[in-house]
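Notes to accompany the following structure.
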Number of protein chains: 2
Amino acid sequence: MASPRPTSDHPDELVTAPTRRPGGRSAAVRRRVLDAALAQLVQHGYDSLSIEVVAERSGVHRTTVYRRWRDVGGLLADVLNEAGADAWRPPDTGSLEGDLVAVNREVYTALTTDPVTVALIAASFRSERAARALSAFWAGRYDRCADITRRAVDRGEVPAGTDARRLLIATTAPLYHELVLLRAATDADLPDRVARSATTAARAGAFADP
Amino acid sequence: MASPRPTSDHPDELVTAPTRRPGGRSAAVRRRVLDAALAQLVQHGYDSLSIEVVAERSGVHRTTVYRRWRDVGGLLADVLNEAGADAWRPPDTGSLEGDLVAVNREVYTALTTDPVTVALIAASFRSERAARALSAFWAGRYDRCADITRRAVDRGEVPAGTDARRLLIATTAPLYHELVLLRAATDADLPDRVARSATTAARAGAFADP
DNA sequence: ATGCTATCGCTACAGCCGTAGCCTTAGCGA
DNA sequence: TCGCTAAGGCTACGGCTGTAGCGATAGCAT
């Protein structure tokens with residue numbers, strides 16, 4: 001007996017249930033809802049983001065949104081999945097310090113000027129699915145950033161065996177820590193300073209094997 | 001006319017309104033409620049923490065809890081204020097690396113075995129007051145940790161001018177980043193490895209002035 | 001002791017969240 | 001073209017959150 005697809009409305013792994021009718025309507029509903037969610041988020045912040053509001057704004061019925069996304073976290077997880085699938089590539093400035101500074105400036109602006117980023121982090125504490133989506137998003141970014149370390153090793157700037165992930169975390173983590181967790185006063189020089197520290201550390205072999 | 005104290009039920013700055021009658025009842029209510037909140041948090045996690053439940057558990061009436069703390073964030077902010085006022089001192093092992101490793105192990109256990117810590121972070125995204133209380137708590141901890149750097153400078157382990165805060169952030173931020181934001185698989189060797197990296201970086205002068 | 005009043009307890013209510021059940025609509029295949 | 005049925009729309013409801021108003025109680029000062 002060919003086991004039929006389980007008909008659960010809320011699959012655990014997939015962010016949005018794959019529709020058996022991908023034609024016009026379902027796709028249109030999804031687009032309208034995701035657009036509405038993002039717009040609401042940008043314009044009025046995370047606290048204003050409720051299923052109620054998104055449904056209203058998108059013109060899709062409340063219960064439909066509940067059925068397909070379950071909660072705000074599910075909505076944002078879906079938004080994130082789209083965002084993570086872009087063609088982003090790490091900067092390539094020709095030097096390790098330049099690359100790390102560039103990365104950190106991107107992170108800095110994302111955290112200070114873009115309400116979406118912090119909203120997604122906040123959502124990840126309230127929804128398991130949003131948390132997974134955010135982890136996946138970041139994993140993709142950090143993977144692509146491995147190129148930065150590879151190039152630095154090739155240029156002889158840092159020891160062979162330097163761990164790309166550790167270096168990248170050392171570069172970006174202090175930014176997240178200061179801005180998101182400690183909520184320190186914003187300091188425009190912070191991203192560059194941290195990136196320079198990480199560069200110095202990497203040159204000293206702080207992220208090589210043992 | 002002597003202006004009387006404003007009678008707002010929900011002062012913005014103070015976590016708990018100072019009672020004009022500190023005698024038995026108010027204090028007892030506070031104690032019962034905070035104890036109940038912490039117990040509920042430890043036993044059933046953050047998502048289970050509602051005013052409803054805490055009121056039930058403490059035997060204090062729902063509306064009273066709403067009046068004095070307003071929301072879950074206010075409750076946790078009050079819990080935090082008590083926790084931050086303790087006599088905690090940074091470890092003193094005789095070497096920079098030893099001190100940083102010890103600090104990081106504390107952070108690590110707090111993040112992996114103690115549900116309270118992550119719950120407080122989660123709460124800080126939902127409540128301005130909890131966020132401020134958490135910032136204050138951490139500020140106190142980081143201030144006290146400045147001793148670690150001072151001693152290391154005195155011993156000649158790191159250059160004079162090494163910035164205590166930057167060093168401490170570099171040591172602990174990757175832990176928070178991996179465990180809280182990235183939700184990476186827990187790795188018992190992580191705290192030590194990161195602490196050693198930070199030590200190497202500090203010795204190389206990565207956190208000295210410019 | 002005794003009155004004053006801050007603080008707590010209680011009831012009632014308005015509003016939002018999330019789900020169930022049923023009906024309607026519109027992709028999709030024949 | 002036309003039936004089948006997945007998917008969206010609608011209504012109704014139960015539960016939880018947060019507030020208002022009022023009466024009861026117990027610190028505190030005299």
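Labels for the structure tokens follow display order: chains A, B, ..., residues from 1 in each chain, ligands from 1.
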Please report, as a tab-separated table, each residue of chain A lying at most 6 Å from chain B, together with the nearest pair of atoms and the separation in Å rounded to one decimal; use only C-alpha atoms, and order rows by chain and ascending residue number.
residue	atom	partner	partner_atom	distance
A:Ala122	CA	B:Phe125	CA	5.7
A:Phe125	CA	B:Ala122	CA	5.7
A:Ser135	CA	B:Leu182	CA	5.3
A:Ala173	CA	B:Pro174	CA	5.4
A:Pro174	CA	B:Ala173	CA	5.4
A:His177	CA	B:Ala173	CA	5.7
A:Leu182	CA	B:Ser135	CA	5.3
A:Ser197	CA	B:Ala206	CA	4.7
A:Thr200	CA	B:Ala206	CA	5.6
A:Ala201	CA	B:Ala201	CA	4.4
A:Ala206	CA	B:Ser197	CA	4.7
Output all heavy atoms of each residue in that selection to a file, as a PDB file, in the first residue's frame.
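As a result, again.pdb now contains:
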ATOM      1  N   ALA A 122      14.968  38.077  17.722  1.00  0.00           N
ATOM      2  CA  ALA A 122      13.943  38.032  18.760  1.00  0.00           C
ATOM      3  C   ALA A 122      12.959  36.897  18.495  1.00  0.00           C
ATOM      4  O   ALA A 122      12.600  36.137  19.407  1.00  0.00           O
ATOM      5  CB  ALA A 122      13.204  39.370  18.826  1.00  0.00           C
ATOM      6  N   PHE A 125      13.733  33.299  19.527  1.00  0.00           N
ATOM      7  CA  PHE A 125      13.582  32.874  20.913  1.00  0.00           C
ATOM      8  C   PHE A 125      12.153  32.448  21.213  1.00  0.00           C
ATOM      9  O   PHE A 125      11.862  31.898  22.266  1.00  0.00           O
ATOM     10  CB  PHE A 125      13.983  33.990  21.878  1.00  0.00           C
ATOM     11  CG  PHE A 125      15.461  34.170  21.968  1.00  0.00           C
ATOM     12  CD1 PHE A 125      16.088  35.155  21.243  1.00  0.00           C
ATOM     13  CD2 PHE A 125      16.221  33.339  22.768  1.00  0.00           C
ATOM     14  CE1 PHE A 125      17.450  35.317  21.311  1.00  0.00           C
ATOM     15  CE2 PHE A 125      17.580  33.488  22.847  1.00  0.00           C
ATOM     16  CZ  PHE A 125      18.206  34.489  22.109  1.00  0.00           C
ATOM     17  N   SER A 135      19.403  29.703  12.152  1.00  0.00           N
ATOM     18  CA  SER A 135      20.643  28.923  12.196  1.00  0.00           C
ATOM     19  C   SER A 135      21.082  28.551  10.788  1.00  0.00           C
ATOM     20  O   SER A 135      22.263  28.681  10.444  1.00  0.00           O
ATOM     21  CB  SER A 135      20.446  27.648  13.021  1.00  0.00           C
ATOM     22  OG  SER A 135      20.204  27.962  14.364  1.00  0.00           O
ATOM     23  N   ALA A 173      31.241  37.913  16.406  1.00  0.00           N
ATOM     24  CA  ALA A 173      30.544  37.690  17.681  1.00  0.00           C
ATOM     25  C   ALA A 173      30.545  38.920  18.590  1.00  0.00           C
ATOM     26  O   ALA A 173      29.521  39.245  19.190  1.00  0.00           O
ATOM     27  CB  ALA A 173      31.124  36.478  18.404  1.00  0.00           C
ATOM     28  N   PRO A 174      31.691  39.613  18.716  1.00  0.00           N
ATOM     29  CA  PRO A 174      31.663  40.790  19.600  1.00  0.00           C
ATOM     30  C   PRO A 174      30.656  41.845  19.149  1.00  0.00           C
ATOM     31  O   PRO A 174      30.075  42.545  19.987  1.00  0.00           O
ATOM     32  CB  PRO A 174      33.099  41.321  19.516  1.00  0.00           C
ATOM     33  CG  PRO A 174      33.921  40.102  19.238  1.00  0.00           C
ATOM     34  CD  PRO A 174      33.068  39.294  18.300  1.00  0.00           C
ATOM     35  N   HIS A 177      27.333  40.603  20.259  1.00  0.00           N
ATOM     36  CA  HIS A 177      27.303  40.658  21.719  1.00  0.00           C
ATOM     37  C   HIS A 177      27.048  42.072  22.211  1.00  0.00           C
ATOM     38  O   HIS A 177      26.141  42.315  23.006  1.00  0.00           O
ATOM     39  CB  HIS A 177      28.631  40.140  22.264  1.00  0.00           C
ATOM     40  CG  HIS A 177      28.547  39.669  23.679  1.00  0.00           C
ATOM     41  ND1 HIS A 177      27.760  38.613  24.069  1.00  0.00           N
ATOM     42  CD2 HIS A 177      29.145  40.117  24.810  1.00  0.00           C
ATOM     43  CE1 HIS A 177      27.882  38.430  25.378  1.00  0.00           C
ATOM     44  NE2 HIS A 177      28.717  39.329  25.850  1.00  0.00           N
ATOM     45  N   LEU A 182      24.291  42.967  24.924  1.00  0.00           N
ATOM     46  CA  LEU A 182      24.620  43.982  25.932  1.00  0.00           C
ATOM     47  C   LEU A 182      23.900  45.303  25.663  1.00  0.00           C
ATOM     48  O   LEU A 182      23.773  46.131  26.551  1.00  0.00           O
ATOM     49  CB  LEU A 182      26.128  44.226  25.978  1.00  0.00           C
ATOM     50  CG  LEU A 182      26.982  42.999  26.300  1.00  0.00           C
ATOM     51  CD1 LEU A 182      28.452  43.387  26.367  1.00  0.00           C
ATOM     52  CD2 LEU A 182      26.546  42.375  27.612  1.00  0.00           C
ATOM     53  N   SER A 197      41.336  43.654  15.609  1.00  0.00           N
ATOM     54  CA  SER A 197      41.764  42.747  16.681  1.00  0.00           C
ATOM     55  C   SER A 197      41.790  41.308  16.188  1.00  0.00           C
ATOM     56  O   SER A 197      42.746  40.565  16.441  1.00  0.00           O
ATOM     57  CB  SER A 197      40.801  42.840  17.873  1.00  0.00           C
ATOM     58  OG  SER A 197      40.948  44.071  18.544  1.00  0.00           O
ATOM     59  N   THR A 200      44.790  40.698  13.929  1.00  0.00           N
ATOM     60  CA  THR A 200      46.007  40.547  14.724  1.00  0.00           C
ATOM     61  C   THR A 200      46.063  39.163  15.366  1.00  0.00           C
ATOM     62  O   THR A 200      47.099  38.475  15.335  1.00  0.00           O
ATOM     63  CB  THR A 200      46.054  41.617  15.833  1.00  0.00           C
ATOM     64  OG1 THR A 200      45.954  42.909  15.232  1.00  0.00           O
ATOM     65  CG2 THR A 200      47.349  41.509  16.628  1.00  0.00           C
ATOM     66  N   ALA A 201      44.936  38.759  15.937  1.00  0.00           N
ATOM     67  CA  ALA A 201      44.877  37.461  16.597  1.00  0.00           C
ATOM     68  C   ALA A 201      45.156  36.338  15.605  1.00  0.00           C
ATOM     69  O   ALA A 201      45.920  35.413  15.888  1.00  0.00           O
ATOM     70  CB  ALA A 201      43.515  37.264  17.254  1.00  0.00           C
ATOM     71  N   ALA A 206      46.162  32.537  16.661  1.00  0.00           N
ATOM     72  CA  ALA A 206      45.204  32.237  17.718  1.00  0.00           C
ATOM     73  C   ALA A 206      44.122  31.255  17.280  1.00  0.00           C
ATOM     74  O   ALA A 206      43.455  30.652  18.119  1.00  0.00           O
ATOM     75  CB  ALA A 206      44.556  33.536  18.212  1.00  0.00           C
TER      76      ALA A 206
END
- Please identify every residue of chain D that has at least one atom no more than 12 Å from any atom of chain A, counting only C-alpha atoms (C1' of nucleotides), and report them as a list in words. DT5, DA6, DA7, DG8, DG9, DC10 and DT11 of chain D
Could you write those residues out with all heavy atoms, as a CSV table (one decimal), in the first residue's frame?
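As a result, part.csv now contains:
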chain,number,residue,atom,x,y,z
D,5,DT,P,-11.9,13.1,-5.4
D,5,DT,OP1,-11.0,11.9,-5.4
D,5,DT,OP2,-13.3,13.0,-4.8
D,5,DT,O5',-11.2,14.3,-4.8
D,5,DT,C5',-9.9,14.7,-5.4
D,5,DT,C4',-9.5,16.1,-4.8
D,5,DT,O4',-10.4,17.1,-5.4
D,5,DT,C3',-9.7,16.2,-3.3
D,5,DT,O3',-8.6,17.0,-2.8
D,5,DT,C2',-11.0,17.0,-3.2
D,5,DT,C1',-10.8,18.0,-4.3
D,5,DT,N1,-12.0,18.7,-4.8
D,5,DT,C2,-11.8,19.9,-5.3
D,5,DT,O2,-10.7,20.4,-5.5
D,5,DT,N3,-13.0,20.6,-5.7
D,5,DT,C4,-14.2,20.1,-5.5
D,5,DT,O4,-15.2,20.8,-5.9
D,5,DT,C5,-14.3,18.8,-4.9
D,5,DT,C7,-15.7,18.2,-4.7
D,5,DT,C6,-13.2,18.2,-4.6
D,6,DA,P,-7.6,16.3,-1.7
D,6,DA,OP1,-7.0,15.1,-2.3
D,6,DA,OP2,-8.2,16.3,-0.4
D,6,DA,O5',-6.4,17.4,-1.7
D,6,DA,C5',-5.8,17.8,-2.9
D,6,DA,C4',-5.5,19.2,-3.0
D,6,DA,O4',-6.7,20.0,-3.3
D,6,DA,C3',-4.9,19.9,-1.7
D,6,DA,O3',-4.0,20.9,-2.1
D,6,DA,C2',-6.2,20.5,-1.1
D,6,DA,C1',-7.0,20.9,-2.3
D,6,DA,N9,-8.4,20.9,-2.1
D,6,DA,C8,-9.2,19.9,-1.5
D,6,DA,N7,-10.5,20.1,-1.5
D,6,DA,C5,-10.6,21.3,-2.2
D,6,DA,C6,-11.7,22.1,-2.5
D,6,DA,N6,-13.0,21.7,-2.3
D,6,DA,N1,-11.5,23.2,-3.2
D,6,DA,C2,-10.2,23.6,-3.5
D,6,DA,N3,-9.1,22.9,-3.2
D,6,DA,C4,-9.3,21.8,-2.5
D,7,DA,P,-3.1,21.6,-1.0
D,7,DA,OP1,-1.8,21.9,-1.7
D,7,DA,OP2,-3.1,20.8,0.2
D,7,DA,O5',-3.9,22.9,-0.8
D,7,DA,C5',-4.0,23.9,-1.9
D,7,DA,C4',-4.9,25.0,-1.5
D,7,DA,O4',-6.2,24.4,-1.4
D,7,DA,C3',-4.6,25.6,-0.2
D,7,DA,O3',-4.4,27.0,-0.4
D,7,DA,C2',-5.9,25.4,0.6
D,7,DA,C1',-6.9,25.1,-0.4
D,7,DA,N9,-8.0,24.3,0.0
D,7,DA,C8,-7.9,23.1,0.7
D,7,DA,N7,-9.1,22.6,1.0
D,7,DA,C5,-10.0,23.5,0.4
D,7,DA,C6,-11.4,23.5,0.4
D,7,DA,N6,-12.2,22.6,0.9
D,7,DA,N1,-12.0,24.6,-0.2
D,7,DA,C2,-11.2,25.5,-0.7
D,7,DA,N3,-9.9,25.6,-0.8
D,7,DA,C4,-9.4,24.6,-0.1
D,8,DG,P,-4.1,28.0,0.8
D,8,DG,OP1,-3.0,28.9,0.4
D,8,DG,OP2,-4.1,27.2,2.1
D,8,DG,O5',-5.5,28.8,0.8
D,8,DG,C5',-5.8,29.6,-0.4
D,8,DG,C4',-7.2,30.2,-0.2
D,8,DG,O4',-8.2,29.2,0.0
D,8,DG,C3',-7.3,31.1,1.0
D,8,DG,O3',-8.1,32.3,0.6
D,8,DG,C2',-8.0,30.3,2.0
D,8,DG,C1',-8.9,29.4,1.2
D,8,DG,N9,-9.2,28.1,1.8
D,8,DG,C8,-8.3,27.2,2.2
D,8,DG,N7,-8.9,26.2,2.7
D,8,DG,C5,-10.2,26.4,2.6
D,8,DG,C6,-11.4,25.6,3.0
D,8,DG,O6,-11.4,24.5,3.6
D,8,DG,N1,-12.6,26.3,2.7
D,8,DG,C2,-12.7,27.5,2.1
D,8,DG,N2,-13.9,28.0,1.9
D,8,DG,N3,-11.6,28.2,1.7
D,8,DG,C4,-10.5,27.6,2.0
D,9,DG,P,-8.4,33.4,1.7
D,9,DG,OP1,-8.4,34.7,1.0
D,9,DG,OP2,-7.6,33.2,2.9
D,9,DG,O5',-9.9,33.0,2.0
D,9,DG,C5',-10.9,33.3,1.0
D,9,DG,C4',-12.3,33.2,1.7
D,9,DG,O4',-12.5,31.9,2.2
D,9,DG,C3',-12.5,34.2,2.8
D,9,DG,O3',-13.8,34.7,2.7
D,9,DG,C2',-12.4,33.2,4.1
D,9,DG,C1',-12.9,31.9,3.5
D,9,DG,N9,-12.4,30.7,4.1
D,9,DG,C8,-11.1,30.4,4.3
D,9,DG,N7,-10.9,29.2,4.8
D,9,DG,C5,-12.2,28.8,5.1
D,9,DG,C6,-12.6,27.6,5.8
D,9,DG,O6,-11.9,26.7,6.2
D,9,DG,N1,-14.0,27.5,5.9
D,9,DG,C2,-14.8,28.5,5.4
D,9,DG,N2,-16.1,28.3,5.6
D,9,DG,N3,-14.5,29.6,4.8
D,9,DG,C4,-13.1,29.7,4.7
D,10,DC,P,-14.2,35.9,3.7
D,10,DC,OP1,-15.1,36.8,3.0
D,10,DC,OP2,-13.0,36.4,4.4
D,10,DC,O5',-15.1,35.1,4.8
D,10,DC,C5',-16.3,34.4,4.3
D,10,DC,C4',-16.9,33.7,5.5
D,10,DC,O4',-16.1,32.5,5.8
D,10,DC,C3',-17.1,34.5,6.7
D,10,DC,O3',-18.4,34.7,7.0
D,10,DC,C2',-16.3,33.7,7.8
D,10,DC,C1',-16.2,32.3,7.2
D,10,DC,N1,-15.0,31.5,7.6
D,10,DC,C2,-15.1,30.3,8.3
D,10,DC,O2,-16.3,29.9,8.6
D,10,DC,N3,-14.0,29.6,8.6
D,10,DC,C4,-12.8,30.1,8.3
D,10,DC,N4,-11.7,29.4,8.6
D,10,DC,C5,-12.7,31.3,7.5
D,10,DC,C6,-13.8,32.0,7.2
D,11,DT,P,-18.9,35.6,8.3
D,11,DT,OP1,-20.2,36.2,7.9
D,11,DT,OP2,-17.8,36.4,8.7
D,11,DT,O5',-19.2,34.5,9.4
D,11,DT,C5',-19.9,33.3,9.1
D,11,DT,C4',-20.0,32.5,10.3
D,11,DT,O4',-18.8,31.7,10.5
D,11,DT,C3',-20.2,33.2,11.6
D,11,DT,O3',-21.3,32.7,12.4
D,11,DT,C2',-18.8,33.1,12.4
D,11,DT,C1',-18.3,31.8,11.8
D,11,DT,N1,-16.9,31.6,11.8
D,11,DT,C2,-16.3,30.5,12.2
D,11,DT,O2,-16.9,29.5,12.7
D,11,DT,N3,-14.9,30.4,12.1
D,11,DT,C4,-14.1,31.4,11.6
D,11,DT,O4,-12.9,31.2,11.5
D,11,DT,C5,-14.8,32.6,11.1
D,11,DT,C7,-14.0,33.7,10.6
D,11,DT,C6,-16.1,32.6,11.2
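Shell of region 16-21 of chain C at 9 Å, with only C-alpha atoms (C1' of nucleotides) counted and residues fewer than 4 places along the chain excluded, is Ile51, Glu52, Thr63, Tyr66 and Arg70 of chain A; DA12, DC13, DG15, DC16 and DT17 of chain D.
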- Message: When you look at DT2 (chain C) with a cut-off of 12 Å (counting only C-alpha atoms (C1' of nucleotides)), what residues show up, excluding the ones that are within fewer than 3 positions of it in the same chain? I need them as a ChimeraX atom specification.
- Response: /D:28-30
- Write out as number ranges by chain all residues of chain B that backbone DSSP assigns to alpha helix (DSSP H). B: 24-44, 51-58, 62-69, 72-84, 96-113, 115-124, 128-154, 164-176, 190-203
If you take only C-alpha atoms (C1' of nucleotides) and a cut-off of 8 Å, which residues of chain C touch chain B, and what are their nearest atom pairs and distances in Å to one decimal, in chain and number order, as a tab-separated table?
residue	atom	partner	partner_atom	distance
C:DA6	C1'	B:Arg21	CA	6.9
C:DT7	C1'	B:Ser26	CA	7.5
C:DC8	C1'	B:Thr64	CA	6.6
C:DG9	C1'	B:His61	CA	6.5
- Near-Arg105 (chain A) list (10 Å; only C-alpha atoms (C1' of nucleotides); drop same-chain fewer than 6 positions) as a ChimeraX atom specification: /A:99,111,172,175,188-192,195
- Message: Using only C-alpha atoms (C1' of nucleotides), which protein or nucleic acid residues come within 10 Å of Asp147 (chain A)? Drop anything in the same chain fewer than 2 positions from it, and give the result as a list in words.
- Response: Arg89, Pro90, Pro91, Asp92, Tyr142, Asp143, Arg144, Cys145, Thr149, Arg150, Arg151, Ala152, Val153 and Ala164 of chain A
